[in-house]
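Student: Below you will find the structure I want to go over with you.
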2 protein chains.
Amino acid sequence: MDKLYVIKIGGNIIDDEAKLASLLRDFAAIDEKKILVHGGGKLATRLAEKLGIEQQLLDGRRITDAETLKIVTMVYAGYINKNIVARLQAENCNAIGLCGADGDSILAHKRNHPVLDYGFVGDVDAINTGLISSLLEKNIAVVFAPITHDQQGQLLNTNADTIAQEMAKAMSRHYQTELIYTFEKSGVLLDAADDTTVIPEIQPSYYRDLKAQHRIFSGMIPKLDNAFTALNSGVSKVRIGKAEQLTDLLKGTAGTSIIHER
Amino acid sequence: MDKLYVIKIGGNIIDDEAKLASLLRDFAAIDEKKILVHGGGKLATRLAEKLGIEQQLLDGRRITDAETLKIVTMVYAGYINKNIVARLQAENCNAIGLCGADGDSILAHKRNHPVLDYGFVGDVDAINTGLISSLLEKNIAVVFAPITHDQQGQLLNTNADTIAQEMAKAMSRHYQTELIYTFEKSGVLLDAADDTTVIPEIQPSYYRDLKAQHRIFSGMIPKLDNAFTALNSGVSKVRIGKAEQLTDLLKGTAGTSIIHER
């Protein structure tokens with residue numbers, strides 16, 4: 001099987017022109033097949049503020065009402081997605097920017113919470129790998145905005161980490177797939193305040209120990225749970241680290257590798 | 001050669017929820033291969049107003065400054081494009097929404113006017129038909145937003161009529177291509193104020209006569225010149241008419257057909 005990288009980049013890198021340019025250069029230089037999943041950054045929040053659309057929060061999570069959905073569709077699937085694609089083209093990397101409605105590639109349903117209404121938030125049901133594979137086979141990098149659809153005409157705001165995970169899981173049927181989560185830290189840290197305490201490798205037993213000893217920063221736990229789920233669903237390796245170190249993350253010389261028990 | 005329809009829809013239909021829904025149902029029902037090129041509508045203007053971005057006009061044409069480019073990228077390639085795709089999926093029409101940067105499909109250059117600076121406006125240089133054809137061959141309808149790129153990382157605002165024309169011309173190398181321009185009138189009218197005076201067919205000699213007699217509404221002349229250029233570049237037929245009558249336009253029982261001299 002050919003190798004495929006599924007790389008997730010977050011808001012911190014999208015909001016920083018110079019860092020984004022550098023990351024896209026690194027991404028363009030990858031010889032293997034590749035998918036980029038991007039989040040949103042502060043642009044959507046800033047646009048909502050300018051338009052006087054109040055952000056509703058529920059348990060600290062943003063509610064996606066109709067106006068907010070409009071904004072994230074514009075900013076994520078329009079502005080950010082198309083600018084990333086244009087910049088990759090300038091780096092001689094043929095790329096195509098999609099959301100989940102395009103080619104019916106990511107099917108989701110509106111989150112159905114017993115008590116809370118998150119609005120137009122989608123939970124992923126299925127990834128249609130056919131079109132994505134055929135684009136990759138043409139050596140086109142696929143760039144996904146975190147917007148999905150429900151096949152009934154409704155677009156849905158969807159967590160980019162989840163899309164990256166589901167994408168990697170689904171694509172691992174066709175490719176030897178590595179999932180790379182980039183964020184603002186150098187990896188999973190033993191001391192959340194000290195960026196030099198990166199744990200180079202985490203196996204399931206070590207993860208259980210770290211959790212039992214409360215040595216994992218609580219904000220990392222959903223990310224790590226996601227990583228192990230991906231690993232148990234066919235993804236060959238998961239790496240977590242700094243977007244600025246993408247090339248080293250790919251080589252395995254930076255960040256934290258989440259791996260099977262040896 | 002297989003048949004292909006390249007259909008351009010304008011702002012008047014995009015701004016009208018019910019009309020757009022009906023048009024997309026008609027479009028979804030087309031059995032042949034199909035490309036939809038959409039314009040912008042009033043959404044971009046309204047968003048610019050809300051954000052206090054002043055629209056600069058030059059000779060009656062909108063200048064695309066950096067802020068305006070951001071807005072049209074968001075609205076055209078994000079909001080409008082993705083909503084059209086999601087609705088087509090709901091009509092069981094597999095579709096993919098692209099701008100010219102995606103797959104390097106529409107290459108353009110920033111307009112270089114000796115005196116006036118139109119800002120980030122692109123004039124089309126080339127259409128890469130390879131990816132588009134391969135999508136059509138998978139029975140995926142391709143939906144284009146009127147945003148192109150210059151391969152140097154710059155997105156450019158581009159006239160949707162021109163994109164439709166260039167698209168039809170380029171695709172006519174691979175398909176028997178018909179170009180359909182929809183707008184708010186029932187076709188080319190002998191009396192611009194009377195929608196029942198549709199000219200069913202215009203051949204080059206008749207067009208020359210009509211122009212010589214000043215019987216063509218001046219606003220129609222660029223559209224008709226475009227239509228004849230397309231016809232002379234391999235497009236098999238051009239039709240002009242009302243978006244609400246798409247099915248009849250395709251059958252040739254409504255609108256104006258621009259055809260070769262018989």
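Every chain in the structure tokens has a letter given in the order shown (A, B, ...), and although residue numbers restart at 1 in each chain, ligands are simply numbered from 1 in the order shown.
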Hey, could you make a per-residue contact list for chain A against chain B with 10 Å as the cut-off, showing the nearest pair of atoms and its distance in Å to one decimal, counting only C-alpha atoms, sorted by chain and number, as a Markdown table?

Tutor:
| residue | atom | partner | partner_atom | distance |
| --- | --- | --- | --- | --- |
| A:Leu47 | CA | B:Leu51 | CA | 8.7 |
| A:Lys50 | CA | B:Leu51 | CA | 6.6 |
| A:Leu51 | CA | B:Leu51 | CA | 6.6 |
| A:Gly52 | CA | B:Lys50 | CA | 9.5 |
| A:Leu69 | CA | B:Tyr79 | CA | 9.4 |
| A:Lys70 | CA | B:Tyr79 | CA | 6.5 |
| A:Ile71 | CA | B:Tyr79 | CA | 8.1 |
| A:Val72 | CA | B:Tyr79 | CA | 8.8 |
| A:Thr73 | CA | B:Tyr79 | CA | 5.6 |
| A:Met74 | CA | B:Met74 | CA | 4.3 |
| A:Val75 | CA | B:Met74 | CA | 5.8 |
| A:Tyr76 | CA | B:Gly78 | CA | 7.6 |
| A:Ala77 | CA | B:Gly78 | CA | 5.0 |
| A:Gly78 | CA | B:Gly78 | CA | 3.6 |
| A:Tyr79 | CA | B:Met74 | CA | 4.9 |
| A:Ile80 | CA | B:Met74 | CA | 8.5 |
| A:Asn81 | CA | B:Gly78 | CA | 8.7 |
| A:Lys82 | CA | B:Ala101 | CA | 7.0 |
| A:Asn83 | CA | B:Leu155 | CA | 7.2 |
| A:Ile84 | CA | B:Gly153 | CA | 8.5 |
| A:Val85 | CA | B:Ala101 | CA | 6.3 |
| A:Ala86 | CA | B:Gly153 | CA | 4.6 |
| A:Arg87 | CA | B:Gly153 | CA | 4.3 |
| A:Leu88 | CA | B:Gly153 | CA | 7.3 |
| A:Gln89 | CA | B:Gln151 | CA | 5.7 |
| A:Ala90 | CA | B:Gln152 | CA | 4.5 |
| A:Glu91 | CA | B:Gln152 | CA | 8.1 |
| A:Asn92 | CA | B:Gln151 | CA | 8.3 |
| A:Cys93 | CA | B:Gly103 | CA | 9.4 |
| A:Asn94 | CA | B:Gly103 | CA | 5.8 |
| A:Ala95 | CA | B:Gly103 | CA | 5.4 |
| A:Ile96 | CA | B:Asp102 | CA | 4.3 |
| A:Gly97 | CA | B:Asp102 | CA | 5.9 |
| A:Leu98 | CA | B:Gly97 | CA | 7.4 |
| A:Cys99 | CA | B:Lys82 | CA | 7.6 |
| A:Gly100 | CA | B:Ala86 | CA | 8.9 |
| A:Ala101 | CA | B:Ala86 | CA | 5.3 |
| A:Asp102 | CA | B:Ile96 | CA | 4.3 |
| A:Gly103 | CA | B:Ile96 | CA | 5.0 |
| A:Asp104 | CA | B:Asn94 | CA | 6.7 |
| A:Ser105 | CA | B:Ile96 | CA | 9.4 |
| A:Leu131 | CA | B:Leu135 | CA | 8.6 |
| A:Ser134 | CA | B:Ser134 | CA | 9.4 |
| A:Leu135 | CA | B:Leu131 | CA | 8.7 |
| A:Lys138 | CA | B:Leu131 | CA | 8.7 |
| A:Ile140 | CA | B:Gly103 | CA | 7.1 |
| A:Ala141 | CA | B:Gly103 | CA | 8.9 |
| A:Val142 | CA | B:Gly103 | CA | 9.4 |
| A:Val143 | CA | B:Asp102 | CA | 9.6 |
| A:Ile147 | CA | B:Lys82 | CA | 9.2 |
| A:Thr148 | CA | B:Ala86 | CA | 9.0 |
| A:His149 | CA | B:Ala86 | CA | 6.5 |
| A:Asp150 | CA | B:Ala86 | CA | 8.2 |
| A:Gln151 | CA | B:Ala90 | CA | 5.0 |
| A:Gln152 | CA | B:Ala90 | CA | 4.5 |
| A:Gly153 | CA | B:Arg87 | CA | 4.3 |
| A:Gln154 | CA | B:Ala86 | CA | 6.4 |
| A:Leu155 | CA | B:Ala86 | CA | 6.6 |

Student: Which residues are close to segment 206-221 of chain B, i.e. within 8 Å by only C-alpha atoms, leaving aside same-chain residues fewer than 4 positions away? Reply as a short mmCIF file (atom, residue, chain, number, x, y, z; two decimals) with N, CA and C atoms, in the first residue's frame.

Tutor:
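Generated file (around37.cif):
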data_model
loop_
_atom_site.label_atom_id
_atom_site.label_comp_id
_atom_site.auth_asym_id
_atom_site.auth_seq_id
_atom_site.Cartn_x
_atom_site.Cartn_y
_atom_site.Cartn_z
N VAL B 188 -33.08 36.94 -25.96
CA VAL B 188 -32.75 38.21 -26.60
C VAL B 188 -34.06 38.78 -27.15
N LEU B 189 -34.37 40.03 -26.76
CA LEU B 189 -35.67 40.61 -27.09
C LEU B 189 -35.55 41.63 -28.22
N LEU B 190 -36.57 41.67 -29.06
CA LEU B 190 -36.62 42.73 -30.08
C LEU B 190 -37.00 44.04 -29.43
N ASP B 191 -37.85 43.94 -28.39
CA ASP B 191 -38.23 45.11 -27.60
C ASP B 191 -37.85 44.81 -26.14
N ALA B 192 -36.79 45.51 -25.68
CA ALA B 192 -36.24 45.21 -24.36
C ALA B 192 -37.29 45.30 -23.25
N ILE B 202 -30.66 33.34 -33.62
CA ILE B 202 -29.85 34.40 -34.25
C ILE B 202 -28.64 33.77 -34.93
N ASP B 225 -21.77 39.03 -28.34
CA ASP B 225 -20.41 38.92 -28.89
C ASP B 225 -19.71 37.70 -28.29
#

Student: Could you pull out the strand (DSSP E) residues of segment 147-199 of chain B from DSSP and send them as a list of chain:residue names?

Tutor: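 Selection result, strand (DSSP E) within segment 147-199 of chain B: B:Ile147, B:Thr148, B:His149, B:Leu155, B:Leu156, B:Asn157, B:Gln176, B:Thr177, B:Glu178, B:Leu179, B:Ile180, B:Tyr181, B:Thr182, B:Phe183.
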
Student: For the residues in that selection, give me C-alpha atoms as a short mmCIF file (atom, residue, chain, number, x, y, z; two decimals), in the first residue's frame.

Tutor:
data_model
loop_
_atom_site.label_atom_id
_atom_site.label_comp_id
_atom_site.auth_asym_id
_atom_site.auth_seq_id
_atom_site.Cartn_x
_atom_site.Cartn_y
_atom_site.Cartn_z
CA ILE B 147 -12.71 33.09 -8.52
CA THR B 148 -9.52 32.21 -10.37
CA HIS B 149 -5.82 32.22 -9.50
CA LEU B 155 -6.79 34.60 -6.02
CA LEU B 156 -8.59 36.82 -8.55
CA ASN B 157 -12.20 37.94 -8.96
CA GLN B 176 -20.19 18.26 -27.76
CA THR B 177 -20.68 21.35 -25.63
CA GLU B 178 -23.71 23.60 -25.33
CA LEU B 179 -23.38 26.87 -23.43
CA ILE B 180 -26.47 28.20 -21.66
CA TYR B 181 -26.52 31.75 -20.30
CA THR B 182 -29.42 32.38 -17.95
CA PHE B 183 -30.47 35.83 -16.90
#

Student: Where in segment 9-256 of chain B does DSSP assign alpha helix (DSSP H), given as number ranges by chain?

Tutor: B: 11-14, 17-28, 43-50, 66-72, 81-90, 129-137, 160-171, 204-212, 221-231, 246-251

Student: Would you put the residues from that selection into a file with C-alpha atoms, as a short mmCIF file (atom, residue, chain, number, x, y, z; two decimals), in the first residue's frame?

Tutor:
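Saved result, again-v9.cif, follows:
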data_model
loop_
_atom_site.label_atom_id
_atom_site.label_comp_id
_atom_site.auth_asym_id
_atom_site.auth_seq_id
_atom_site.Cartn_x
_atom_site.Cartn_y
_atom_site.Cartn_z
CA GLY B 11 -27.20 36.99 -9.24
CA ASN B 12 -30.94 37.39 -9.79
CA ILE B 13 -31.51 33.67 -9.27
CA ILE B 14 -28.97 33.27 -6.46
CA GLU B 17 -34.32 31.16 -2.45
CA ALA B 18 -37.36 29.63 -4.17
CA LYS B 19 -36.12 30.25 -7.71
CA LEU B 20 -32.68 28.88 -6.86
CA ALA B 21 -34.18 25.72 -5.36
CA SER B 22 -36.27 25.19 -8.49
CA LEU B 23 -33.32 25.83 -10.81
CA LEU B 24 -31.14 23.36 -8.90
CA ARG B 25 -33.89 20.73 -9.17
CA ASP B 26 -33.96 21.27 -12.95
CA PHE B 27 -30.16 21.16 -13.10
CA ALA B 28 -30.00 17.95 -11.02
CA LEU B 43 -24.82 38.92 -0.89
CA ALA B 44 -21.27 40.17 -1.38
CA THR B 45 -22.41 43.79 -1.71
CA ARG B 46 -24.59 43.46 1.38
CA LEU B 47 -21.77 41.92 3.41
CA ALA B 48 -19.38 44.68 2.32
CA GLU B 49 -21.95 47.29 3.38
CA LYS B 50 -22.41 45.65 6.79
CA ALA B 66 -7.93 43.43 -1.09
CA GLU B 67 -10.90 43.64 1.28
CA THR B 68 -13.41 43.15 -1.53
CA LEU B 69 -11.47 40.13 -2.80
CA LYS B 70 -11.68 38.63 0.69
CA ILE B 71 -15.43 39.14 0.68
CA VAL B 72 -16.08 37.70 -2.78
CA ASN B 81 -20.75 27.50 -3.86
CA LYS B 82 -21.04 25.12 -0.90
CA ASN B 83 -24.75 25.71 -0.45
CA ILE B 84 -25.38 24.96 -4.13
CA VAL B 85 -23.37 21.74 -3.83
CA ALA B 86 -25.18 20.65 -0.64
CA ARG B 87 -28.56 21.28 -2.29
CA LEU B 88 -27.58 19.35 -5.41
CA GLN B 89 -26.52 16.42 -3.20
CA ALA B 90 -29.97 16.56 -1.62
CA THR B 129 -9.63 20.33 -18.72
CA GLY B 130 -8.03 17.12 -17.40
CA LEU B 131 -9.36 17.15 -13.85
CA ILE B 132 -12.72 18.60 -14.91
CA SER B 133 -13.20 15.85 -17.52
CA SER B 134 -12.27 13.15 -15.04
CA LEU B 135 -14.85 14.45 -12.56
CA LEU B 136 -17.52 14.59 -15.29
CA GLU B 137 -16.63 11.02 -16.30
CA ALA B 160 -18.70 34.52 -14.40
CA ASP B 161 -19.93 35.02 -18.01
CA THR B 162 -16.33 34.90 -19.18
CA ILE B 163 -15.57 31.80 -17.12
CA ALA B 164 -18.61 30.05 -18.60
CA GLN B 165 -17.52 30.99 -22.11
CA GLU B 166 -13.88 29.94 -21.65
CA MET B 167 -15.00 26.74 -19.93
CA ALA B 168 -17.35 25.84 -22.80
CA LYS B 169 -14.67 26.61 -25.39
CA ALA B 170 -12.03 24.49 -23.65
CA MET B 171 -14.39 21.59 -22.92
CA PRO B 204 -24.32 35.77 -37.64
CA SER B 205 -25.87 37.58 -40.65
CA TYR B 206 -29.06 38.33 -38.72
CA TYR B 207 -26.97 39.59 -35.78
CA ARG B 208 -25.14 41.97 -38.09
CA ASP B 209 -28.48 43.25 -39.41
CA LEU B 210 -29.94 43.69 -35.92
CA LYS B 211 -26.87 45.61 -34.78
CA ALA B 212 -26.84 47.77 -37.92
CA ILE B 221 -24.17 43.17 -27.13
CA PRO B 222 -21.25 41.94 -24.95
CA LYS B 223 -23.26 38.78 -24.12
CA LEU B 224 -23.96 38.16 -27.81
CA ASP B 225 -20.41 38.92 -28.89
CA ASN B 226 -19.29 36.39 -26.25
CA ALA B 227 -21.79 33.88 -27.56
CA PHE B 228 -20.55 34.16 -31.14
CA THR B 229 -16.93 33.93 -29.99
CA ALA B 230 -17.78 30.68 -28.19
CA LEU B 231 -19.56 29.37 -31.29
CA LEU B 246 -33.91 25.91 -17.79
CA THR B 247 -35.61 22.67 -18.85
CA ASP B 248 -37.14 24.37 -21.91
CA LEU B 249 -33.87 26.12 -22.70
CA LEU B 250 -32.17 22.73 -22.81
CA LYS B 251 -34.89 21.37 -25.09
#

Student: Residues at most 8 Å from segment 53-63 of chain B, counting only C-alpha atoms, excluding those fewer than 6 positions away in the same chain, as a PDB file with N, CA and C atoms, in the first residue's frame?

Tutor:
ATOM      1  N   THR B  45     -22.215  42.350  -1.897  1.00  0.00           N
ATOM      2  CA  THR B  45     -22.412  43.788  -1.711  1.00  0.00           C
ATOM      3  C   THR B  45     -22.979  44.072  -0.323  1.00  0.00           C
ATOM      4  N   LEU B 116      -6.421  52.285 -15.953  1.00  0.00           N
ATOM      5  CA  LEU B 116      -7.219  52.011 -14.767  1.00  0.00           C
ATOM      6  C   LEU B 116      -6.707  50.779 -14.022  1.00  0.00           C
ATOM      7  N   ASP B 117      -6.768  50.827 -12.697  1.00  0.00           N
ATOM      8  CA  ASP B 117      -6.396  49.667 -11.908  1.00  0.00           C
ATOM      9  C   ASP B 117      -7.671  49.045 -11.332  1.00  0.00           C
ATOM     10  N   TYR B 118      -8.072  47.896 -11.892  1.00  0.00           N
ATOM     11  CA  TYR B 118      -9.285  47.234 -11.428  1.00  0.00           C
ATOM     12  C   TYR B 118      -9.058  46.439 -10.146  1.00  0.00           C
ATOM     13  N   GLY B 119      -7.830  46.427  -9.675  1.00  0.00           N
ATOM     14  CA  GLY B 119      -7.536  45.659  -8.470  1.00  0.00           C
ATOM     15  C   GLY B 119      -7.378  44.181  -8.784  1.00  0.00           C
ATOM     16  N   PHE B 120      -7.846  43.334  -7.870  1.00  0.00           N
ATOM     17  CA  PHE B 120      -7.641  41.887  -8.015  1.00  0.00           C
ATOM     18  C   PHE B 120      -8.687  41.252  -8.916  1.00  0.00           C
ATOM     19  N   VAL B 121      -8.682  41.705 -10.166  1.00  0.00           N
ATOM     20  CA  VAL B 121      -9.589  41.163 -11.174  1.00  0.00           C
ATOM     21  C   VAL B 121      -8.751  40.322 -12.129  1.00  0.00           C
TER      22      VAL B 121
END

Student: Residues near His109 of chain B, anyone? I mean within 7 Å using only C-alpha atoms, not counting same-chain ones fewer than 2 positions away, as a list in words.

Tutor: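 The residues that qualify are Arg111, Gly122, Asp123, Val124, Asp125 and Asp150 of chain B.
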
Student: Selection from above, N, CA and C atoms, as a PDB file, in the first residue's frame, can you write it?

Tutor:
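Written output follows (out08.pdb):
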ATOM      1  N   ARG B 111      -5.668  41.738 -14.227  1.00  0.00           N
ATOM      2  CA  ARG B 111      -5.915  42.600 -15.388  1.00  0.00           C
ATOM      3  C   ARG B 111      -4.922  43.761 -15.421  1.00  0.00           C
ATOM      4  N   GLY B 122      -9.250  39.125 -12.423  1.00  0.00           N
ATOM      5  CA  GLY B 122      -8.480  38.220 -13.265  1.00  0.00           C
ATOM      6  C   GLY B 122      -9.063  38.058 -14.656  1.00  0.00           C
ATOM      7  N   ASP B 123      -8.174  38.037 -15.654  1.00  0.00           N
ATOM      8  CA  ASP B 123      -8.581  37.672 -17.008  1.00  0.00           C
ATOM      9  C   ASP B 123      -8.056  36.266 -17.288  1.00  0.00           C
ATOM     10  N   VAL B 124      -8.930  35.430 -17.822  1.00  0.00           N
ATOM     11  CA  VAL B 124      -8.623  33.997 -17.958  1.00  0.00           C
ATOM     12  C   VAL B 124      -7.565  33.744 -19.026  1.00  0.00           C
ATOM     13  N   ASP B 125      -6.554  32.942 -18.681  1.00  0.00           N
ATOM     14  CA  ASP B 125      -5.531  32.525 -19.641  1.00  0.00           C
ATOM     15  C   ASP B 125      -5.753  31.103 -20.136  1.00  0.00           C
ATOM     16  N   ASP B 150      -3.587  32.914 -10.100  1.00  0.00           N
ATOM     17  CA  ASP B 150      -2.526  33.259 -11.060  1.00  0.00           C
ATOM     18  C   ASP B 150      -1.307  32.337 -10.944  1.00  0.00           C
TER      19      ASP B 150
END

Student: Do you have the atom CA of Gly252 of chain B-atom CA of Ile127 of chain B distance handy?

Tutor: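 Atom-to-atom, atom CA of Gly252 of chain B and atom CA of Ile127 of chain B are spaced 27.5 Å apart.
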
Student: Select, from B:Ala145, B:Val115, B:Thr197, B:Leu4, the residue with the minimum atom-to-atom distance to Gly40 of chain B, counting only C-alpha atoms.

Tutor: B:Ala145

Student: Between B:Arg239, B:Asn112, B:Leu107, B:Ile7, which is the closest to Asn128 of chain B once you count only C-alpha atoms?

Tutor: B:Leu107

Student: How far is it from atom CA of Ile259 of chain A to atom CA of Gln245 of chain A, in Å with one decimal?

Tutor: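 About the pair atom CA of Ile259 of chain A and atom CA of Gln245 of chain A: they are 19.5 Å apart.
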